[in-house]
>>> print(open('data_21.pdb').read())   # PDB, C-alpha atoms
MODEL        1
ATOM      1  CA  MET J   1      58.267  25.274  -5.900
ATOM      2  CA  ARG J   2      58.475  28.680  -7.599
ATOM      3  CA  HIS J   3      58.192  28.636 -11.416
ATOM      4  CA  ASP J   4      58.822  31.366 -13.966
ATOM      5  CA  ALA J   5      55.998  32.212 -16.373
ATOM      6  CA  GLU J   6      57.534  30.422 -19.394
ATOM      7  CA  THR J   7      58.181  27.194 -17.517
ATOM      8  CA  ALA J   8      54.664  27.293 -16.042
ATOM      9  CA  ALA J   9      53.085  27.793 -19.480
ATOM     10  CA  ALA J  10      55.106  24.861 -20.835
ATOM     11  CA  VAL J  11      53.756  22.628 -18.052
ATOM     12  CA  MET J  12      50.198  23.662 -18.881
ATOM     13  CA  ARG J  13      50.659  23.006 -22.613
ATOM     14  CA  GLU J  14      52.165  19.616 -21.846
ATOM     15  CA  ALA J  15      48.960  18.855 -19.944
ATOM     16  CA  GLY J  16      46.899  19.844 -22.999
ATOM     17  CA  LEU J  17      45.891  23.303 -21.783
ATOM     18  CA  GLU J  18      46.497  26.706 -23.401
ATOM     19  CA  PRO J  19      46.778  29.564 -20.832
ATOM     20  CA  LEU J  20      44.393  32.471 -21.436
ATOM     21  CA  GLU J  21      45.816  34.864 -18.836
ATOM     22  CA  PRO J  22      49.177  35.674 -17.223
ATOM     23  CA  TYR J  23      50.628  33.134 -14.809
ATOM     24  CA  PRO J  24      49.098  33.851 -11.346
ATOM     25  CA  GLY J  25      51.245  31.505  -9.239
ATOM     26  CA  THR J  26      51.360  27.841  -8.331
ATOM     27  CA  ALA J  27      48.487  27.877  -5.846
ATOM     28  CA  PHE J  28      45.994  29.986  -7.831
ATOM     29  CA  PRO J  29      43.453  28.952 -10.512
ATOM     30  CA  TRP J  30      44.791  29.637 -14.015
ATOM     31  CA  LYS J  31      42.203  30.210 -16.709
ATOM     32  CA  SER J  32      42.991  28.006 -19.703
ATOM     33  CA  ARG J  33      41.418  26.321 -22.735
ATOM     34  CA  CYS J  34      41.508  22.534 -23.176
ATOM     35  CA  ALA J  35      43.242  21.740 -26.484
ATOM     36  CA  LYS J  36      41.221  18.520 -26.814
ATOM     37  CA  CYS J  37      37.603  19.557 -26.193
ATOM     38  CA  GLY J  38      37.821  23.379 -26.147
ATOM     39  CA  SER J  39      36.393  23.729 -22.643
ATOM     40  CA  ILE J  40      37.465  26.669 -20.468
ATOM     41  CA  VAL J  41      38.929  25.373 -17.188
ATOM     42  CA  SER J  42      40.910  26.874 -14.303
ATOM     43  CA  PRO J  43      43.235  24.292 -12.749
ATOM     44  CA  ARG J  44      46.080  25.178 -10.348
ATOM     45  CA  LEU J  45      49.556  24.596 -11.629
ATOM     46  CA  GLY J  46      50.338  22.792  -8.399
ATOM     47  CA  SER J  47      47.810  20.098  -9.236
ATOM     48  CA  LEU J  48      49.743  19.392 -12.454
ATOM     49  CA  THR J  49      53.314  19.509 -11.185
ATOM     50  CA  GLY J  50      52.988  17.684  -7.869
ATOM     51  CA  GLN J  51      52.312  14.007  -7.130
ATOM     52  CA  SER J  52      48.603  14.412  -7.856
ATOM     53  CA  ARG J  53      47.286  12.539 -10.869
ATOM     54  CA  ARG J  54      44.114  14.570 -11.200
ATOM     55  CA  PRO J  55      43.172  15.273 -14.857
ATOM     56  CA  ALA J  56      43.647  18.796 -16.118
ATOM     57  CA  CYS J  57      40.192  19.079 -17.831
ATOM     58  CA  LYS J  58      37.140  17.893 -15.913
ATOM     59  CA  ARG J  59      35.050  17.355 -19.048
ATOM     60  CA  CYS J  60      37.735  15.162 -20.611
ATOM     61  CA  ALA J  61      38.201  13.374 -17.284
ATOM     62  CA  ASP J  62      34.472  12.579 -17.059
ATOM     63  CA  ARG J  63      34.462  11.302 -20.637
ATOM     64  CA  ALA J  64      37.496   9.116 -19.973
ATOM     65  CA  ASN J  65      35.898   7.788 -16.794
ATOM     66  CA  GLY J  66      32.725   6.939 -18.726
ATOM     67  CA  GLU J  67      34.715   5.184 -21.413
ATOM     68  CA  ALA J  68      36.501   3.171 -18.731
ATOM     69  CA  GLN J  69      33.193   2.068 -17.236
ATOM     70  CA  ARG J  70      31.455   1.374 -20.558
ATOM     71  CA  HIS J  71      30.959  -2.275 -21.413
ATOM     72  CA  ASP J  72      30.958  -3.769 -24.859
ATOM     73  CA  GLU J  73      27.331  -4.017 -26.068
ATOM     74  CA  ASP J  74      27.672  -7.653 -27.139
ATOM     75  CA  LEU J  75      29.011  -8.590 -23.718
ATOM     76  CA  ALA J  76      26.265  -6.587 -21.992
ATOM     77  CA  VAL J  77      23.534  -8.270 -24.053
ATOM     78  CA  ALA J  78      25.011 -11.698 -23.318
ATOM     79  CA  GLU J  79      25.108 -10.887 -19.607
ATOM     80  CA  MET J  80      21.463  -9.769 -19.596
ATOM     81  CA  ARG J  81      20.351 -12.924 -21.404
ATOM     82  CA  GLU J  82      22.233 -15.023 -18.879
ATOM     83  CA  HIS J  83      20.198 -13.347 -16.139
ATOM     84  CA  GLY J  84      16.895 -14.016 -17.944
ATOM     85  CA  PHE J  85      16.319 -10.759 -19.834
ATOM     86  CA  GLU J  86      16.008 -10.098 -23.571
ATOM     87  CA  PRO J  87      16.997  -6.474 -24.431
ATOM     88  CA  GLN J  88      14.400  -4.607 -26.498
ATOM     89  CA  GLU J  89      16.569  -1.569 -27.325
ATOM     90  CA  PRO J  90      20.281  -0.717 -27.855
ATOM     91  CA  TYR J  91      22.623  -0.660 -24.865
ATOM     92  CA  ARG J  92      23.462   2.860 -23.601
ATOM     93  CA  GLY J  93      25.526   2.327 -20.477
ATOM     94  CA  VAL J  94      25.563   0.792 -17.011
ATOM     95  CA  LYS J  95      23.493   3.530 -15.327
ATOM     96  CA  TYR J  96      20.674   3.893 -17.856
ATOM     97  CA  PRO J  97      17.355   1.960 -17.646
ATOM     98  CA  TRP J  98      17.428  -0.773 -20.281
ATOM     99  CA  ARG J  99      14.053  -1.929 -21.626
ATOM    100  CA  CYS J 100      13.991  -5.740 -21.555
ATOM    101  CA  LEU J 101      11.584  -8.665 -21.721
ATOM    102  CA  CYS J 102      11.704 -10.771 -18.567
ATOM    103  CA  HIS J 103      11.824 -14.486 -19.406
ATOM    104  CA  GLY J 104      10.537 -15.323 -15.927
ATOM    105  CA  CYS J 105       7.105 -13.657 -16.038
ATOM    106  CA  GLY J 106       6.901 -12.341 -19.592
ATOM    107  CA  THR J 107       6.538  -8.667 -18.647
ATOM    108  CA  ILE J 108       8.549  -5.663 -19.844
ATOM    109  CA  THR J 109      10.922  -4.234 -17.242
ATOM    110  CA  SER J 110      13.697  -1.622 -17.310
ATOM    111  CA  PRO J 111      16.573  -2.459 -14.968
ATOM    112  CA  THR J 112      19.959  -0.808 -15.299
ATOM    113  CA  PHE J 113      22.848  -2.997 -16.359
ATOM    114  CA  GLY J 114      24.691  -1.831 -13.257
ATOM    115  CA  SER J 115      21.934  -3.153 -10.991
ATOM    116  CA  ILE J 116      22.110  -6.552 -12.692
ATOM    117  CA  LEU J 117      25.892  -6.636 -12.232
ATOM    118  CA  ALA J 118      25.331  -5.730  -8.562
ATOM    119  CA  GLY J 119      23.174  -8.842  -8.091
ATOM    120  CA  GLN J 120      19.695  -7.292  -8.057
ATOM    121  CA  SER J 121      16.743  -9.212  -9.510
ATOM    122  CA  GLY J 122      15.901  -6.684 -12.229
ATOM    123  CA  CYS J 123      12.166  -7.566 -12.371
ATOM    124  CA  ARG J 124       9.796  -6.232  -9.706
ATOM    125  CA  ARG J 125       7.004  -8.663 -10.568
ATOM    126  CA  CYS J 126       9.258 -11.711 -10.254
ATOM    127  CA  ALA J 127      10.638 -10.356  -6.976
ATOM    128  CA  ASP J 128       7.091  -9.926  -5.611
ATOM    129  CA  LEU J 129       6.125 -13.441  -6.714
ATOM    130  CA  ARG J 130       9.180 -14.920  -4.998
ATOM    131  CA  ALA J 131       8.454 -12.940  -1.830
ATOM    132  CA  GLY J 132       4.817 -14.071  -1.876
ATOM    133  CA  ALA J 133       5.827 -17.696  -2.349
ATOM    134  CA  ALA J 134       8.216 -17.419   0.581
ATOM    135  CA  ARG J 135       5.432 -16.056   2.809
ATOM    136  CA  ARG J 136       2.717 -18.466   1.622
ATOM    137  CA  GLU J 137       1.331 -20.633   4.375
ATOM    138  CA  ASP J 138       1.343 -24.403   4.035
ATOM    139  CA  PRO J 139      -2.319 -25.546   3.618
ATOM    140  CA  GLU J 140      -1.898 -28.388   6.116
ATOM    141  CA  ARG J 141      -0.520 -26.039   8.776
ATOM    142  CA  ALA J 142      -3.341 -23.568   8.047
ATOM    143  CA  ALA J 143      -5.987 -26.271   8.488
ATOM    144  CA  ALA J 144      -4.325 -27.409  11.701
ATOM    145  CA  SER J 145      -4.546 -23.862  13.087
ATOM    146  CA  MET J 146      -8.260 -23.698  12.339
ATOM    147  CA  LEU J 147      -8.901 -27.096  13.939
ATOM    148  CA  GLU J 148      -6.999 -26.025  17.057
ATOM    149  CA  ALA J 149      -9.406 -23.053  17.306
ATOM    150  CA  GLY J 150     -12.394 -25.398  17.052
ATOM    151  CA  LEU J 151     -13.217 -24.688  13.399
ATOM    152  CA  GLU J 152     -13.437 -27.373  10.711
ATOM    153  CA  PRO J 153     -12.567 -26.059   7.198
ATOM    154  CA  LEU J 154     -15.257 -26.713   4.567
ATOM    155  CA  GLU J 155     -13.235 -25.548   1.533
ATOM    156  CA  PRO J 156      -9.566 -25.414   0.424
ATOM    157  CA  TYR J 157      -7.227 -22.854   1.961
ATOM    158  CA  THR J 158      -6.358 -19.753  -0.127
ATOM    159  CA  THR J 159      -4.600 -16.987   1.866
ATOM    160  CA  THR J 160      -4.385 -15.804   5.470
ATOM    161  CA  MET J 161      -6.533 -12.738   4.691
ATOM    162  CA  THR J 162      -9.263 -14.514   2.680
ATOM    163  CA  PRO J 163     -12.539 -15.492   4.445
ATOM    164  CA  TRP J 164     -12.460 -19.268   4.946
ATOM    165  CA  ARG J 165     -15.779 -21.119   5.301
ATOM    166  CA  CYS J 166     -15.656 -23.333   8.390
ATOM    167  CA  ARG J 167     -17.968 -25.172  10.750
ATOM    168  CA  CYS J 168     -17.650 -24.661  14.485
ATOM    169  CA  THR J 169     -17.063 -27.973  16.265
ATOM    170  CA  THR J 170     -18.787 -26.557  19.369
ATOM    171  CA  CYS J 171     -22.025 -25.001  18.129
ATOM    172  CA  GLY J 172     -22.140 -26.477  14.611
ATOM    173  CA  ARG J 173     -22.747 -23.119  12.925
ATOM    174  CA  THR J 174     -20.966 -22.060   9.731
ATOM    175  CA  SER J 175     -18.899 -18.858   9.567
ATOM    176  CA  THR J 176     -16.115 -17.352   7.413
ATOM    177  CA  PRO J 177     -13.234 -16.115   9.570
ATOM    178  CA  THR J 178      -9.780 -15.463   8.127
ATOM    179  CA  LEU J 179      -6.759 -17.445   9.251
ATOM    180  CA  ALA J 180      -5.110 -14.180  10.341
ATOM    181  CA  LYS J 181      -7.970 -13.410  12.750
ATOM    182  CA  ILE J 182      -7.957 -16.941  14.155
ATOM    183  CA  ARG J 183      -4.229 -16.755  14.821
ATOM    184  CA  SER J 184      -4.699 -13.390  16.539
ATOM    185  CA  GLY J 185      -6.900 -15.075  19.133
ATOM    186  CA  ARG J 186     -10.357 -14.926  17.550
ATOM    187  CA  GLY J 187     -12.693 -17.900  17.258
ATOM    188  CA  CYS J 188     -16.256 -18.755  16.275
ATOM    189  CA  LYS J 189     -18.290 -15.538  16.169
ATOM    190  CA  TYR J 190     -21.326 -17.376  17.542
ATOM    191  CA  CYS J 191     -19.464 -18.810  20.514
ATOM    192  CA  ALA J 192     -17.700 -15.539  21.381
ATOM    193  CA  ARG J 193     -18.346 -14.240  24.882
ATOM    194  CA  PHE J 194     -17.636 -10.607  24.001
ATOM    195  CA  GLY J 195     -19.027  -7.987  21.645
ATOM    196  CA  PHE J 196     -22.261  -8.410  19.674
ATOM    197  CA  ASP J 197     -23.598 -11.976  20.034
ATOM    198  CA  ARG J 198     -25.058 -12.918  16.645
ATOM    199  CA  ALA J 199     -26.738 -16.060  18.018
ATOM    200  CA  ALA J 200     -28.523 -14.382  20.961
ATOM    201  CA  PRO J 201     -31.719 -12.283  20.931
ATOM    202  CA  ALA J 202     -31.123  -8.767  19.624
ATOM    203  CA  ARG J 203     -32.688  -5.405  18.785
ATOM    204  CA  VAL J 204     -32.759  -3.086  15.799
ATOM    205  CA  TYR J 205     -32.947   0.507  17.031
ATOM    206  CA  VAL J 206     -33.390   4.048  15.749
ATOM    207  CA  VAL J 207     -31.796   7.013  17.543
ATOM    208  CA  THR J 208     -31.934  10.739  16.795
ATOM    209  CA  HIS J 209     -29.642  13.702  17.497
ATOM    210  CA  ALA J 210     -31.338  17.119  17.574
ATOM    211  CA  GLN J 211     -28.143  19.197  17.468
ATOM    212  CA  HIS J 212     -26.690  17.341  14.468
ATOM    213  CA  GLY J 213     -30.067  16.986  12.772
ATOM    214  CA  ALA J 214     -29.257  13.323  12.241
ATOM    215  CA  VAL J 215     -30.927   9.938  12.544
ATOM    216  CA  LYS J 216     -29.234   6.555  12.865
ATOM    217  CA  ILE J 217     -30.168   2.887  12.578
ATOM    218  CA  GLY J 218     -28.213   0.235  14.482
ATOM    219  CA  VAL J 219     -28.224  -3.147  16.213
ATOM    220  CA  ALA J 220     -27.618  -4.193  19.810
ATOM    221  CA  GLY J 221     -28.038  -7.241  22.015
ATOM    222  CA  ALA J 222     -31.467  -7.657  23.603
ATOM    223  CA  LEU J 223     -30.071  -8.872  26.922
ATOM    224  CA  GLN J 224     -27.417  -6.193  27.352
ATOM    225  CA  ARG J 225     -28.544  -2.972  28.991
ATOM    226  CA  ASN J 226     -25.139  -1.239  29.153
ATOM    227  CA  ASP J 227     -24.690  -1.380  25.396
ATOM    228  CA  ARG J 228     -24.448   0.724  22.246
ATOM    229  CA  ILE J 229     -27.632   2.650  22.994
ATOM    230  CA  ALA J 230     -26.234   3.738  26.372
ATOM    231  CA  GLN J 231     -23.050   4.882  24.622
ATOM    232  CA  HIS J 232     -25.110   6.899  22.157
ATOM    233  CA  ARG J 233     -27.047   8.573  24.977
ATOM    234  CA  ARG J 234     -23.808   9.856  26.486
ATOM    235  CA  LEU J 235     -23.120  11.572  23.134
ATOM    236  CA  GLY J 236     -26.509  13.309  22.991
ATOM    237  CA  TRP J 237     -28.536  10.729  21.076
ATOM    238  CA  THR J 238     -32.134   9.867  22.016
ATOM    239  CA  LEU J 239     -33.734   6.450  21.525
ATOM    240  CA  PHE J 240     -36.717   6.762  19.167
ATOM    241  CA  TYR J 241     -37.620   3.135  18.528
ATOM    242  CA  GLU J 242     -36.353  -0.419  19.082
ATOM    243  CA  HIS J 243     -37.545  -3.679  17.556
ATOM    244  CA  HIS J 244     -36.721  -7.074  19.077
ATOM    245  CA  VAL J 245     -35.718  -9.981  16.819
ATOM    246  CA  PRO J 246     -34.775 -13.619  17.605
ATOM    247  CA  THR J 247     -31.025 -13.418  16.863
ATOM    248  CA  GLY J 248     -28.188 -11.017  16.120
ATOM    249  CA  ASP J 249     -28.047 -12.365  12.568
ATOM    250  CA  ASP J 250     -31.701 -11.357  12.122
ATOM    251  CA  ALA J 251     -30.934  -7.861  13.420
ATOM    252  CA  LEU J 252     -28.043  -7.471  11.000
ATOM    253  CA  SER J 253     -30.215  -8.684   8.141
ATOM    254  CA  VAL J 254     -32.821  -5.998   8.874
ATOM    255  CA  GLU J 255     -30.220  -3.249   9.283
ATOM    256  CA  GLN J 256     -28.242  -4.110   6.154
ATOM    257  CA  THR J 257     -31.309  -4.465   3.949
ATOM    258  CA  ILE J 258     -32.564  -1.008   4.959
ATOM    259  CA  LEU J 259     -29.105   0.516   4.552
ATOM    260  CA  ARG J 260     -28.742  -0.903   1.051
ATOM    261  CA  ARG J 261     -32.169   0.352   0.047
ATOM    262  CA  LEU J 262     -31.526   3.892   1.320
ATOM    263  CA  ARG J 263     -28.001   4.123  -0.159
ATOM    264  CA  ALA J 264     -29.372   2.960  -3.520
ATOM    265  CA  ALA J 265     -31.959   5.749  -3.292
ATOM    266  CA  GLY J 266     -29.167   8.311  -2.974
ATOM    267  CA  HIS J 267     -29.085   8.874   0.787
ATOM    268  CA  GLY J 268     -25.392   9.073   1.700
ATOM    269  CA  VAL J 269     -23.608   8.976   5.048
ATOM    270  CA  PHE J 270     -24.497  12.171   6.936
ATOM    271  CA  LEU J 271     -22.068  12.480   9.866
ATOM    272  CA  THR J 272     -18.294  12.057  10.068
ATOM    273  CA  ALA J 273     -16.260   9.765  12.310
ATOM    274  CA  VAL J 274     -15.380  12.814  14.432
ATOM    275  CA  GLN J 275     -19.041  13.686  15.035
ATOM    276  CA  MET J 276     -20.090  10.047  15.543
ATOM    277  CA  PRO J 277     -17.081   7.933  16.625
ATOM    278  CA  ASN J 278     -18.991   4.632  16.720
ATOM    279  CA  GLY J 279     -21.513   4.026  13.943
ATOM    280  CA  TRP J 280     -21.178   7.113  11.726
ATOM    281  CA  THR J 281     -21.650   5.027   8.552
ATOM    282  CA  GLU J 282     -25.303   4.298   9.514
ATOM    283  CA  THR J 283     -26.317   7.957   9.909
ATOM    284  CA  PHE J 284     -28.708   9.954   7.697
ATOM    285  CA  ASP J 285     -29.857  13.546   7.297
ATOM    286  CA  ALA J 286     -33.022  13.732   9.411
ATOM    287  CA  THR J 287     -34.616  16.177   6.947
ATOM    288  CA  ARG J 288     -34.390  13.581   4.155
ATOM    289  CA  VAL J 289     -34.793  10.324   6.120
ATOM    290  CA  THR J 290     -36.946  10.671   9.224
ATOM    291  CA  ALA J 291     -36.886   8.500  12.313
ATOM    292  CA  ALA J 292     -40.495   7.498  11.593
ATOM    293  CA  GLN J 293     -39.520   6.294   8.131
ATOM    294  CA  LEU J 294     -36.752   4.132   9.600
ATOM    295  CA  ARG J 295     -39.193   2.762  12.198
ATOM    296  CA  ASP J 296     -41.733   1.867   9.524
ATOM    297  CA  ALA J 297     -39.034   0.229   7.373
ATOM    298  CA  ILE J 298     -37.993  -1.942  10.314
ATOM    299  CA  ARG J 299     -41.579  -2.952  11.054
ATOM    300  CA  GLU J 300     -42.243  -3.850   7.414
ATOM    301  CA  HIS J 301     -39.105  -5.929   7.036
ATOM    302  CA  GLN J 302     -39.618  -9.681   6.844
ATOM    303  CA  ILE J 303     -36.931 -11.672   8.660
ATOM    304  CA  THR J 304     -34.829 -13.557   6.090
ATOM    305  CA  PRO J 305     -31.470 -15.366   6.366
ATOM    306  CA  ALA J 306     -28.520 -13.000   6.708
ATOM    307  CA  PRO J 307     -26.578 -12.288   3.472
ATOM    308  CA  SER J 308     -23.679 -14.613   2.718
ATOM    309  CA  GLU J 309     -21.243 -11.689   2.580
ATOM    310  CA  PRO J 310     -21.020  -8.889   5.182
ATOM    311  CA  LEU J 311     -21.991  -5.343   4.236
ATOM    312  CA  THR J 312     -18.855  -3.429   3.328
ATOM    313  CA  LEU J 313     -20.048  -0.363   1.421
ATOM    314  CA  PHE J 314     -21.431   1.692   4.307
TER
ENDMDL
END
>>> encode(input="data_21.pdb", output="C-alpha cells")
Amino acid sequence: MRHDAETAAAVMREAGLEPLEPYPGTAFPWKSRCAKCGSIVSPRLGSLTGQSRRPACKRCADRANGEAQRHDEDLAVAEMREHGFEPQEPYRGVKYPWRCLCHGCGTITSPTFGSILAGQSGCRRCADLRAGAARREDPERAAASMLEAGLEPLEPYTTTMTPWRCRCTTCGRTSTPTLAKIRSGRGCKYCARFGFDRAAPARVYVVTHAQHGAVKIGVAGALQRNDRIAQHRRLGWTLFYEHHVPTGDDALSVEQTILRRLRAAGHGVFLTAVQMPNGWTETFDATRVTAAQLRDAIREHQITPAPSEPLTLF
C-alpha cells in the first residue's frame, strides 16, 4: 500500500485535486486544492485509492448530490397541481418551503415539495378541517345521549362543548348543559343531589378577613349548615351578613348583578387563588368596598330572573 510521492500526486490530480504540501503518507490528510471549485480540502490518499467511492471534494460532492435530488421545475409544478396546490413562486428545491394556493380551502400555505412527495397533506387548515369532521358527533346520537340523561333538546345540536338548551323530563326546567358534561355523568342541574342546589332555598352572604383586609360576597344553600361559610371560617373568614332568598337561581342573580356593578366601577379581584382557594374571584379590597356596602347592595337588590348566560368574567 506504500506509494512514492510522484505516484501519490498523480492519483490526487486524477481525482481533480492539486497537492499543496509534500506527500504525508496514505493514512494522513493531504492538503490540496480542488481544480473544479477551488476549495481547500484535506482528503487521505487511502480514501482515493481503495475501494471507497467517497468524493474527493466535499463541496463538489454536496453540489452533485443536490443536482441528483433536484427535480425539473415543470414536473414539480405538475405534481403540486395534482395534489391540489397552485405554486405562487418559482421552484427552488425539495427541501425549501414553496408558497402555494390551496385549492381545497383557498388559503396560502408553504409546504415543501419533499413533504408532498412523502404523502403529507401540505395544508394545515385542510388537515384540521378533516380531523374535525372525523371527530364530529352525529346529531342523532347526540340527541339520544341527552334523552338518555333525561334532557329533551330544544334546539339543534352544534358541538360537544357548546351549551345546548334542553328541558328536563323530570322537573320540567330549562338548562344549557354541554353534551360533554352529560356524557361525563352530569345531568339536570336542578335535579342534582350534590353541590349547590339552584332550585332550593339559598342565601347570599358577606364574609370578611381581617388579616387579608378583604371582603367577599358569595352564595350558599339555605338548608345546608356544613357549607361554604363553614369552609371559609376554617380559613379565618368571619360571617358579616347573610340574606335568604327563595331559590339558588335568585341568589346567583343577586351575586352576579352586584359583581358586575362593582367590576364596572373599577373594583378588581383582590385576593389570589393561593390566598383564597375557593371563591377568590368574588373578593374585594375592604378599604375600597366595605362589608356594609355589600350588605346594603344585597338588601336593595330586587329579585329578577337569573341571566340567560352564566357570569364568566370574574
>>> resolve_selection(input="data_21.pdb", expression="the PyMOL selection byres ((chain J and resi 276) around 12)", output="list in words")
Thr208, His209, His212, Ala214, Val215, Lys216, Gln231, His232, Arg233, Arg234, Leu235, Gly236, Trp237, Val269, Phe270, Leu271, Thr272, Ala273, Val274, Gln275, Pro277, Asn278, Gly279, Trp280, Thr281, Glu282, Thr283 and Phe284 of chain J
>>> residues_around(input="data_21.pdb", residues="Met80 (chain J)", least_positions_apart="3", cutoff="12 Å", atoms="all atoms listed in the file", output="ChimeraX atom specification")
/J:73-77,83-88,91,94,98-103,110-117,119-123
>>> write_last_selection(input="data_21.pdb", atoms="C-alpha atoms", output="PDB file, in the frame of the given file")
ATOM      1  CA  GLU J  73      27.331  -4.017 -26.068  1.00  0.00           C
ATOM      2  CA  ASP J  74      27.672  -7.653 -27.139  1.00  0.00           C
ATOM      3  CA  LEU J  75      29.011  -8.590 -23.718  1.00  0.00           C
ATOM      4  CA  ALA J  76      26.265  -6.587 -21.992  1.00  0.00           C
ATOM      5  CA  VAL J  77      23.534  -8.270 -24.053  1.00  0.00           C
ATOM      6  CA  HIS J  83      20.198 -13.347 -16.139  1.00  0.00           C
ATOM      7  CA  GLY J  84      16.895 -14.016 -17.944  1.00  0.00           C
ATOM      8  CA  PHE J  85      16.319 -10.759 -19.834  1.00  0.00           C
ATOM      9  CA  GLU J  86      16.008 -10.098 -23.571  1.00  0.00           C
ATOM     10  CA  PRO J  87      16.997  -6.474 -24.431  1.00  0.00           C
ATOM     11  CA  GLN J  88      14.400  -4.607 -26.498  1.00  0.00           C
ATOM     12  CA  TYR J  91      22.623  -0.660 -24.865  1.00  0.00           C
ATOM     13  CA  VAL J  94      25.563   0.792 -17.011  1.00  0.00           C
ATOM     14  CA  TRP J  98      17.428  -0.773 -20.281  1.00  0.00           C
ATOM     15  CA  ARG J  99      14.053  -1.929 -21.626  1.00  0.00           C
ATOM     16  CA  CYS J 100      13.991  -5.740 -21.555  1.00  0.00           C
ATOM     17  CA  LEU J 101      11.584  -8.665 -21.721  1.00  0.00           C
ATOM     18  CA  CYS J 102      11.704 -10.771 -18.567  1.00  0.00           C
ATOM     19  CA  HIS J 103      11.824 -14.486 -19.406  1.00  0.00           C
ATOM     20  CA  SER J 110      13.697  -1.622 -17.310  1.00  0.00           C
ATOM     21  CA  PRO J 111      16.573  -2.459 -14.968  1.00  0.00           C
ATOM     22  CA  THR J 112      19.959  -0.808 -15.299  1.00  0.00           C
ATOM     23  CA  PHE J 113      22.848  -2.997 -16.359  1.00  0.00           C
ATOM     24  CA  GLY J 114      24.691  -1.831 -13.257  1.00  0.00           C
ATOM     25  CA  SER J 115      21.934  -3.153 -10.991  1.00  0.00           C
ATOM     26  CA  ILE J 116      22.110  -6.552 -12.692  1.00  0.00           C
ATOM     27  CA  LEU J 117      25.892  -6.636 -12.232  1.00  0.00           C
ATOM     28  CA  GLY J 119      23.174  -8.842  -8.091  1.00  0.00           C
ATOM     29  CA  GLN J 120      19.695  -7.292  -8.057  1.00  0.00           C
ATOM     30  CA  SER J 121      16.743  -9.212  -9.510  1.00  0.00           C
ATOM     31  CA  GLY J 122      15.901  -6.684 -12.229  1.00  0.00           C
ATOM     32  CA  CYS J 123      12.166  -7.566 -12.371  1.00  0.00           C
TER      33      CYS J 123
END
>>> resolve_selection(input="data_21.pdb", expression="the PyMOL selection byres ((chain J and resi 162) around 12)", output="VMD selection string")
chain J and resid 155 to 161 163 to 165 176 to 182
>>> closest_residue(input="data_21.pdb", among="J:Gly218, J:Gly46, J:Gly268, J:Gly187", to="Gln256 (chain J)", atoms="all atoms listed in the file")
J:Gly218
>>> axis_aligned_box(input="data_21.pdb", around="region 263-266 of chain J", padding_each_side="8 Å", output="JSON")
{"center_x": -30.0, "center_y": 5.6, "center_z": -1.8, "size_x": 20.0, "size_y": 21.4, "size_z": 19.4}
>>> resolve_selection(input="data_21.pdb", expression="the PyMOL selection byres ((chain J and resi 203) around 6)", output="list of chain:residue names")
J:Ala202, J:Val204, J:Val219, J:Ala220, J:Gly221, J:Ala222, J:His243, J:His244, J:Val245
>>> atom_distance(input="data_21.pdb", atom1="CA of Gly185 (chain J)", atom2="CA of Ala200 (chain J)")
21.7 Å
>>> atom_distance(input="data_21.pdb", atom1="CA of Asp197 (chain J)", atom2="CA of Leu294 (chain J)")
23.3 Å
>>> atom_distance(input="data_21.pdb", atom1="CA of Met146 (chain J)", atom2="CA of Ala131 (chain J)")
24.4 Å
>>> closest_residue(input="data_21.pdb", among="J:Ala297, J:Val41, J:Ser145, J:Asp249", to="Tyr205 (chain J)", atoms="only C-alpha atoms")
J:Ala297
>>> closest_residue(input="data_21.pdb", among="J:Leu147, J:Leu17, J:Ala199, J:Ala210", to="Leu223 (chain J)", atoms="all atoms listed in the file")
J:Ala199
>>> residues_around(input="data_21.pdb", residues="Arg59 (chain J)", least_positions_apart="4", cutoff="8 Å", atoms="only C-alpha atoms", output="CSV table (one decimal) with C-alpha atoms, keeping the file's coordinate frame")
chain,number,residue,atom,x,y,z
J,37,CYS,CA,37.6,19.6,-26.2
J,39,SER,CA,36.4,23.7,-22.6
J,63,ARG,CA,34.5,11.3,-20.6
